[in-house]
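Here's the structure, in structure tokens; my notes come after.
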Amino acid sequence: MRRERLVGVVMMLGSGLSTQVGASVAALAFPVIGPAGVVAIRQWVAAIVLLAIGRPRLRSITAQQWRPVVGLAAVFAVMNLSLYTAIDRVGLGLGVTLEFLGPLAVALLGSRRVLDLACALVAAPAVVLLARPQATTDYVGIGLGLLAALCWAFYILLNRKVGRELPGATGSAAAAALSGLAYVPIGVVVLLHHPPTLAAASYALVAGVLSSAVPFLVDLLTLRRVPAQFFGVFMSVNPVLAALVGLVVLDQQLAIVDWAAILVIVSANAVAITFGGRKSGVPEVDSNDDAVDHNRVPVGGCDVLHGVPELAVTPAFGKVSADGEPLTSRATQ
């Protein structure tokens, strides 16, 4: 089983790098078709992939069930656009770190543990430090990053409701389809005013595959090899991966103090998950690695936009279950 764990680690690293490299490749197309054009193409790719995998029976969805699905589609549409525009203005590392605050806030508000409060108090100054006022500070970019965080928080809450109303990936696939359809007129207008070159179109398509299709499939396979808690801790390093990829691919430099702030946020999150699981009623993984199967996440609980199972996109202060509800809140109620 140790070999399985090692393979899982390699797959998680590949998934995280795929997501962030996809975002960096998308940024290469920004000068030609802008963030809106890239997001439109990515939404279309995500819709095609999720419809092919989820195969939802749209006719079976009732009017009452469509309401949260439409809300989820709106969140999909706004979240990626705000994130990609933030990346265009403040860089990949800072943009992803700001967006990461959304799931952190949701899990923190749903928790009553002292450990979570302590981790929040540690991470809060780091967040302020990242957004510190400077002569070159792009407040619009920071605001868009925070908007992406807010959308991610709403995603968690809406996805929980959709998951209760509809089976499997039906709701997520339907929302992705609606979001893709909403971007048809936007994409047409943007691409007509800013005709894409072959390179720009290729970058956008590659971004859709790397940031949606590849992570979605790889992460589903990964969770068959590693415990969900370990998966959540590892996915917490995504802001660090984003900063590294931004440096290597886009030559986006971060100050030492920014690197320190990102590491503090990631470390606080990892500590909360690692030591918090034992108090949340989640089975602890045995040292012989034979308990890998105990914490599997069902295929239906997935994050369409980020390509990872729902538990992984909310690796915040207190773990979140496959239906999106903080496990710590369940244990303490």
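In the structure tokens, chains take letters A, B, ... by order of appearance, with residues numbered from 1 within each chain and ligands from 1 in the order shown.
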
Which polymer residues have any atom within 8 Å of an atom of Asn238 of chain A, counting only C-alpha atoms, with same-chain residues fewer than 6 positions away left out, as a ChimeraX atom specification? /A:16,20,96

Those selected residues, please, written with C-alpha atoms and delivered as a JSON list (two decimals), in the first residue's frame.
[["chain", "number", "residue", "atom", "x", "y", "z"],
["A", 16, "GLY", "CA", -2.12, 20.54, -8.96],
["A", 20, "GLN", "CA", -1.92, 25.94, -12.32],
["A", 96, "VAL", "CA", -5.17, 31.97, -6.55]]

Residue list (helix (DSSP H, G or I), DSSP) for segment 58-224 of chain A, as JSON, numbers by chain: {"A": [58, 59, 60, 63, 64, 65, 66, 67, 68, 69, 70, 71, 72, 73, 74, 75, 76, 77, 78, 79, 80, 81, 82, 83, 84, 85, 86, 87, 88, 89, 90, 92, 93, 94, 95, 96, 97, 98, 99, 101, 102, 103, 104, 105, 106, 107, 108, 109, 114, 115, 116, 117, 118, 119, 120, 121, 122, 123, 124, 125, 126, 127, 128, 129, 130, 139, 140, 141, 142, 143, 144, 145, 146, 147, 148, 149, 150, 151, 152, 153, 154, 155, 156, 157, 158, 159, 160, 161, 162, 163, 164, 165, 170, 171, 172, 173, 174, 175, 176, 177, 178, 179, 180, 181, 182, 183, 184, 185, 186, 187, 188, 189, 190, 191, 192, 193, 198, 199, 200, 201, 202, 203, 204, 205, 206, 207, 208, 209, 210, 211, 212, 213, 214, 215, 216, 217, 218, 219, 220, 221, 222]}

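When only C-alpha atoms are used to compute distances to Gly145 of chain A, the closest of the residues A:Ala242, A:Leu98, A:Val266, A:Ala77 turns out to be A:Leu98.
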
Residues near segment 50-52 of chain A, anyone? I mean within 9 Å using only C-alpha atoms, not counting same-chain ones fewer than 6 positions away, as a list of chain:residue names.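 Surrounding residues, per the criterion: A:Ala169, A:Thr170, A:Ser172, A:Ala173, A:Ala174, A:Ala176, A:Ala177, A:Ala213, A:Val304.
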
Expected file contents, prior selection, C-alpha atoms, as a PDB file, in the first residue's frame:
ATOM      1  CA  ALA A 169     -22.987  14.608 -11.031  1.00  0.00           C
ATOM      2  CA  THR A 170     -26.317  15.524 -12.630  1.00  0.00           C
ATOM      3  CA  SER A 172     -22.934  19.899 -11.594  1.00  0.00           C
ATOM      4  CA  ALA A 173     -23.071  18.803 -15.232  1.00  0.00           C
ATOM      5  CA  ALA A 174     -26.336  20.685 -15.809  1.00  0.00           C
ATOM      6  CA  ALA A 176     -21.757  23.538 -16.337  1.00  0.00           C
ATOM      7  CA  ALA A 177     -23.917  23.227 -19.438  1.00  0.00           C
ATOM      8  CA  ALA A 213     -10.564  17.701 -17.768  1.00  0.00           C
ATOM      9  CA  VAL A 304     -16.470  21.275 -12.118  1.00  0.00           C
TER      10      VAL A 304
END

List every residue of segment 56-170 of chain A that has an atom at most 9 Å from any atom of segment 40-49 of chain A, giving for each one its closest atom pair and the distance in Å to one decimal, counting only C-alpha atoms, sorted by chain and then by ascending residue number, as JSON lines.
{"residue": "A:Phe76", "atom": "CA", "partner": "A:Gln43", "partner_atom": "CA", "distance": 8.5}
{"residue": "A:Ala77", "atom": "CA", "partner": "A:Gln43", "partner_atom": "CA", "distance": 7.8}
{"residue": "A:Asn80", "atom": "CA", "partner": "A:Gln43", "partner_atom": "CA", "distance": 8.6}
{"residue": "A:Leu81", "atom": "CA", "partner": "A:Ala40", "partner_atom": "CA", "distance": 8.6}

The selected residues should be written to file as an mmCIF file, in the first residue's frame (atoms: N, CA and C atoms).
data_model
loop_
_atom_site.group_PDB
_atom_site.id
_atom_site.type_symbol
_atom_site.label_atom_id
_atom_site.label_comp_id
_atom_site.auth_asym_id
_atom_site.auth_seq_id
_atom_site.Cartn_x
_atom_site.Cartn_y
_atom_site.Cartn_z
ATOM 1 N N PHE A 76 -20.540 29.570 -11.379
ATOM 2 C CA PHE A 76 -19.512 29.083 -12.294
ATOM 3 C C PHE A 76 -19.047 30.214 -13.217
ATOM 4 N N ALA A 77 -20.043 30.898 -13.802
ATOM 5 C CA ALA A 77 -19.751 31.919 -14.807
ATOM 6 C C ALA A 77 -18.948 33.076 -14.234
ATOM 7 N N ASN A 80 -14.915 32.038 -12.547
ATOM 8 C CA ASN A 80 -13.754 31.917 -13.422
ATOM 9 C C ASN A 80 -13.382 33.245 -14.073
ATOM 10 N N LEU A 81 -14.402 34.031 -14.426
ATOM 11 C CA LEU A 81 -14.107 35.320 -15.055
ATOM 12 C C LEU A 81 -13.402 36.252 -14.073
#

What does the structure give for the distance between atom CA of Val7 of chain A and atom CA of Ala207 of chain A, in Å to one decimal?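 Value for the atom CA of Val7 of chain A-atom CA of Ala207 of chain A distance: 24.6 Å.
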
Report, in Å to a single decimal, how far apart atom CA of Val128 of chain A and atom CA of Val257 of chain A are.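 Distance reported for this atom pair: 11.6 Å.
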
Can you measure atom CA of Glu165 of chain A to atom CA of Ala153 of chain A for me? One decimal in Å is fine. 19.0 Å

Which residue out of A:Ala23, A:Leu263, A:Met12, A:Leu244 has the minimum interatomic distance to Ser212 of chain A when only C-alpha atoms are used? A:Ala23
